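Here is the file start.txt (compact mmCIF, C-alpha atoms).
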```txt
# COMPACT_ATOMS: atom_id res chain seq x y z
CA MET A 1 133.59 203.59 142.81
CA ALA A 2 132.05 201.48 140.03
CA ALA A 3 129.81 198.55 140.97
CA LEU A 4 130.82 195.15 139.72
CA LEU A 5 128.28 193.11 137.79
CA PRO A 6 127.55 189.62 139.10
CA SER A 7 128.76 186.74 136.89
CA TRP A 8 125.22 185.68 135.97
CA ALA A 9 124.67 189.11 134.35
CA TRP A 10 127.79 188.67 132.20
CA VAL A 11 126.74 185.16 131.13
CA THR A 12 123.20 186.34 130.31
CA GLY A 13 124.52 189.28 128.28
CA LEU A 14 127.00 187.16 126.33
CA THR A 15 124.36 184.47 125.65
CA ALA A 16 121.88 187.08 124.36
CA GLY A 17 124.55 188.64 122.14
CA ALA A 18 125.60 185.28 120.71
CA THR A 19 121.95 184.37 120.02
CA ALA A 20 121.43 187.67 118.18
CA VAL A 21 124.50 187.03 116.01
CA VAL A 22 123.34 183.48 115.15
CA VAL A 23 119.85 184.73 114.21
CA ALA A 24 121.32 187.53 112.05
CA LEU A 25 123.59 185.06 110.24
CA ALA A 26 120.69 182.62 109.71
CA VAL A 27 118.54 185.37 108.17
CA GLN A 28 121.41 186.48 105.96
CA ALA A 29 122.09 182.89 104.83
CA ASN A 30 118.41 182.40 103.97
CA HIS A 31 118.65 185.26 101.44
CA GLY A 32 121.77 183.90 99.75
CA PRO A 33 122.14 181.17 97.11
CA HIS A 34 121.06 177.71 98.19
CA PRO A 35 122.83 174.55 97.09
CA THR A 36 120.90 172.07 95.03
CA ALA A 37 121.33 168.33 95.06
CA ALA A 38 122.70 166.68 91.97
CA VAL A 39 120.57 163.99 90.43
CA THR A 40 122.42 160.77 89.78
CA ARG A 41 121.07 157.75 88.03
CA PRO A 42 122.29 154.23 88.72
CA SER A 43 124.38 152.57 86.06
CA ALA A 44 122.95 149.76 83.95
CA SER A 45 124.77 147.13 86.04
CA ALA A 46 123.47 148.62 89.29
CA SER A 47 119.90 148.75 88.06
CA ALA A 48 119.93 145.33 86.40
CA GLY A 49 119.31 143.58 89.71
CA ALA A 50 116.84 146.16 91.00
CA HIS A 51 113.24 145.13 91.26
CA ALA A 52 111.08 147.21 88.88
CA SER A 53 108.46 148.13 91.49
CA GLY A 54 111.16 149.38 93.89
CA ALA A 55 112.73 151.83 91.40
CA PRO A 56 111.97 155.52 92.00
CA LYS A 57 109.80 157.13 89.38
CA THR A 58 111.27 160.07 87.50
CA PRO A 59 108.78 162.95 87.33
CA HIS A 60 107.70 163.96 83.84
CA VAL A 61 109.47 167.15 82.82
CA PRO A 62 107.89 168.80 79.79
CA ALA A 63 110.20 169.13 76.82
CA LEU A 64 111.32 172.51 75.58
CA PRO A 65 108.64 173.77 73.16
CA ASP A 66 109.41 173.54 69.45
CA ALA A 67 110.04 176.81 67.62
CA SER A 68 111.09 178.61 70.79
CA GLY A 69 114.21 180.05 69.19
CA GLU A 70 117.87 179.20 69.37
CA GLY A 71 120.77 179.88 71.69
CA ARG A 72 120.73 181.14 75.26
CA ARG A 73 117.24 182.34 76.20
CA ILE A 74 114.30 182.28 78.58
CA VAL A 75 111.25 180.45 77.21
CA TYR A 76 107.79 181.11 78.67
CA SER A 77 104.85 178.90 77.66
CA LEU A 78 101.46 180.53 78.18
CA GLY A 79 99.55 177.24 77.94
CA GLU A 80 101.83 175.21 80.19
CA ARG A 81 102.44 178.07 82.65
CA ARG A 82 106.09 177.08 82.60
CA VAL A 83 109.51 178.67 82.07
CA TRP A 84 112.65 177.04 80.69
CA LEU A 85 116.16 178.45 81.11
CA VAL A 86 118.02 177.47 77.96
CA ASP A 87 121.83 177.53 77.72
CA ALA A 88 123.90 178.55 74.67
CA THR A 89 123.87 174.98 73.32
CA GLY A 90 120.05 174.92 73.24
CA ASN A 91 119.62 172.61 76.25
CA ALA A 92 117.18 173.50 79.02
CA SER A 93 119.22 173.76 82.22
CA ARG A 94 116.14 174.32 84.40
CA THR A 95 112.36 174.41 84.06
CA PHE A 96 109.64 175.37 86.51
CA THR A 97 105.97 176.28 86.74
CA VAL A 98 104.74 179.85 87.26
CA TRP A 99 101.61 181.76 88.27
CA PRO A 100 100.74 184.13 85.41
CA GLY A 101 99.12 187.51 85.96
CA THR A 102 95.78 188.52 84.47
CA VAL A 103 97.41 190.08 81.39
CA ASP A 104 99.38 187.76 79.10
CA PRO A 105 102.06 188.90 76.68
CA SER A 106 101.51 187.98 73.04
CA PRO A 107 103.56 185.08 71.72
CA GLY A 108 106.78 186.44 70.23
CA ARG A 109 110.40 187.34 70.84
CA TYR A 110 111.42 189.88 73.48
CA THR A 111 114.43 190.79 75.59
CA VAL A 112 114.81 191.61 79.27
CA THR A 113 114.65 195.41 79.24
CA PHE A 114 114.96 196.27 82.92
CA ARG A 115 115.76 194.54 86.21
CA VAL A 116 114.87 195.62 89.76
CA GLN A 117 116.13 193.84 92.88
CA SER A 118 112.98 194.40 94.98
CA ILE A 119 109.86 196.61 95.11
CA LYS A 120 106.23 196.47 96.14
CA GLY A 121 104.23 194.87 93.31
CA SER A 122 101.08 196.40 91.85
CA ASP A 123 99.11 193.88 93.94
CA GLY A 124 100.66 195.29 97.14
CA VAL A 125 102.97 192.31 97.75
CA GLN A 126 106.72 192.80 98.34
CA ILE A 127 108.46 191.15 95.38
CA GLU A 128 112.06 190.60 94.28
CA HIS A 129 114.05 189.59 91.20
CA ILE A 130 111.81 191.59 88.85
CA MET A 131 112.73 191.19 85.18
CA TYR A 132 110.63 193.28 82.77
CA PHE A 133 110.43 192.21 79.15
CA THR A 134 107.32 193.75 77.49
CA LYS A 135 104.04 195.63 77.90
CA ALA A 136 100.58 194.23 77.14
CA SER A 137 97.28 196.11 77.41
CA GLY A 138 99.14 199.05 78.97
CA VAL A 139 100.59 196.86 81.75
CA ASN A 140 104.26 195.99 82.28
CA VAL A 141 104.93 192.26 82.03
CA ALA A 142 107.71 190.88 84.21
CA PHE A 143 108.91 187.78 86.02
CA SER A 144 109.18 188.09 89.83
CA ASN A 145 108.80 186.21 93.08
CA ALA A 146 107.23 187.24 96.37
CA LEU A 147 109.76 187.90 99.13
CA ASP A 148 107.91 185.44 101.37
CA GLY A 149 107.70 182.84 98.59
CA ALA A 150 103.89 182.85 98.52
CA SER A 151 101.70 182.54 95.44
CA PRO A 152 100.03 185.76 94.31
CA PRO A 153 96.78 186.85 95.94
CA PRO A 154 93.57 186.94 93.86
CA ALA A 155 93.61 189.77 91.31
CA ASN A 156 90.17 191.19 92.27
CA GLY A 157 89.63 192.59 88.78
CA GLN A 158 93.09 194.19 88.53
CA LYS A 159 95.14 194.09 85.34
CA LEU A 160 98.37 192.45 86.49
CA GLY A 161 101.32 191.57 84.24
CA GLY A 162 103.45 189.93 86.90
CA ILE A 163 104.44 186.33 86.23
CA ARG A 164 105.17 184.99 89.71
CA LEU A 165 107.74 182.31 90.41
CA HIS A 166 108.58 180.19 93.42
CA LYS A 167 111.31 181.89 95.47
CA GLN A 168 114.13 179.51 94.45
CA ASP A 169 113.10 179.72 90.78
CA GLY A 170 113.09 183.52 91.00
CA ALA A 171 116.67 183.44 92.29
CA ALA A 172 117.70 181.06 89.48
CA LEU A 173 116.07 183.24 86.82
CA TRP A 174 117.71 186.37 88.28
CA ALA A 175 121.13 184.68 88.13
CA PHE A 176 120.48 183.43 84.57
CA GLY A 177 119.05 186.50 82.85
CA ASP A 178 120.45 189.99 82.57
CA LYS A 179 119.34 193.04 80.62
CA GLY A 180 119.24 192.00 76.96
CA THR A 181 118.63 188.28 77.60
CA PRO A 182 116.22 186.96 74.95
CA VAL A 183 112.73 185.90 76.11
CA ALA A 184 110.61 183.68 73.84
CA VAL A 185 106.90 183.60 74.64
CA VAL A 186 105.08 180.64 73.08
CA ASN A 187 101.54 179.30 73.27
```
I need this file expressed as structure tokens, please.
Amino acid sequence: MAALLPSWAWVTGLTAGATAVVVALAVQANHGPHPTAAVTRPSASASAGAHASGAPKTPHVPALPDASGEGRRIVYSLGERRVWLVDATGNASRTFTVWPGTVDPSPGRYTVTFRVQSIKGSDGVQIEHIMYFTKASGVNVAFSNALDGASPPPANGQKLGGIRLHKQDGAALWAFGDKGTPVAVVN
């Protein structure tokens, strides 16, 4: 004859199972695309009565560098440590700062040659959204972001060609660029 489980055991088991499902879904959602808020600006009539000192300040966003090419492309500025994602009309749809490696690519025109979803980087850090576009000083140069979103550790004399991005910027770049996407590197 089989023993019956008391009701508290059933409740405990069901609660533990439901908690595990919620945690699994939360982890899965964290790895998916994240919505971004749209920026809206007040109309002239709405801002006419606003007090100047109370108006929010718009952060300075560097303009797309001159002579960075035309059409849809990724632009990487060595001096500004910044990337722009440029649409087919020539407008930057997104820009963000990066952490360059110890080996810089030469200014010029390249294309994304290879993409890898995730690997361990040459610095030992788990990275994702790796987009290779050239070699410099015998080192592959690629955009990537750390899985945990952290900035890269000190190079300790290593030759590193990884250009690290913030996690959300890495996801945006991955969605924007595919094999063959032009990359313009400028000073």
>> Can you tell me which residues surround His129 in chain A at a distance of at most 9 Å, considering only C-alpha atoms, apart from same-chain residues fewer than 4 positions away, and format the answer as a PyMOL selection string?
In response: chain A and resi 115-118+143-146+170-171+173-174
>> At a cut-off of 9 Å, using all atoms listed in the file, what residues contact Asp123 in chain A? Leave out same-chain residues fewer than 6 positions from it and give the result as an MDAnalysis selection string.
In response: chainID A and resid 152:155 158 160
Centre and edge lengths of an axis-aligned box around all listed atoms of range 150-167 of chain A, with 6 Å added on each side, are to be given in Å to one decimal, as JSON.
```
{"center_x": 100.5, "center_y": 187.2, "center_z": 91.4, "size_x": 33.7, "size_y": 26.0, "size_z": 26.3}
```
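Among the candidates A:Val83, A:Ala142, A:Ala88, A:Val112, the one nearest to Glu70 in chain A when counting only C-alpha atoms is A:Ala88.
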> When distances are computed from all atoms listed in the file, which of A:Arg72, A:Arg94, A:Arg164, A:Arg81 shows the smallest separation from Asn187 in chain A?
Replying inline: A:Arg81
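The gap separating CA of Gly161 in chain A from CA of Ile127 in chain A is 13.2 Å, in Å to one decimal.
When CA of Val98 in chain A is paired with CA of Arg82 in chain A, their separation reads 5.6 Å.
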>> I need the residue nearest Gly108 in chain A from this list: A:Gly79, A:Gly162, A:Gly69, A:Pro6. Use only C-alpha atoms for the distance.
In response: A:Gly69
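The environment of Ile74 in chain A within 6 Å, counting all atoms listed in the file and disregarding residues fewer than 2 places along the same chain, consists of Trp84, Leu85 and Val183 of chain A.
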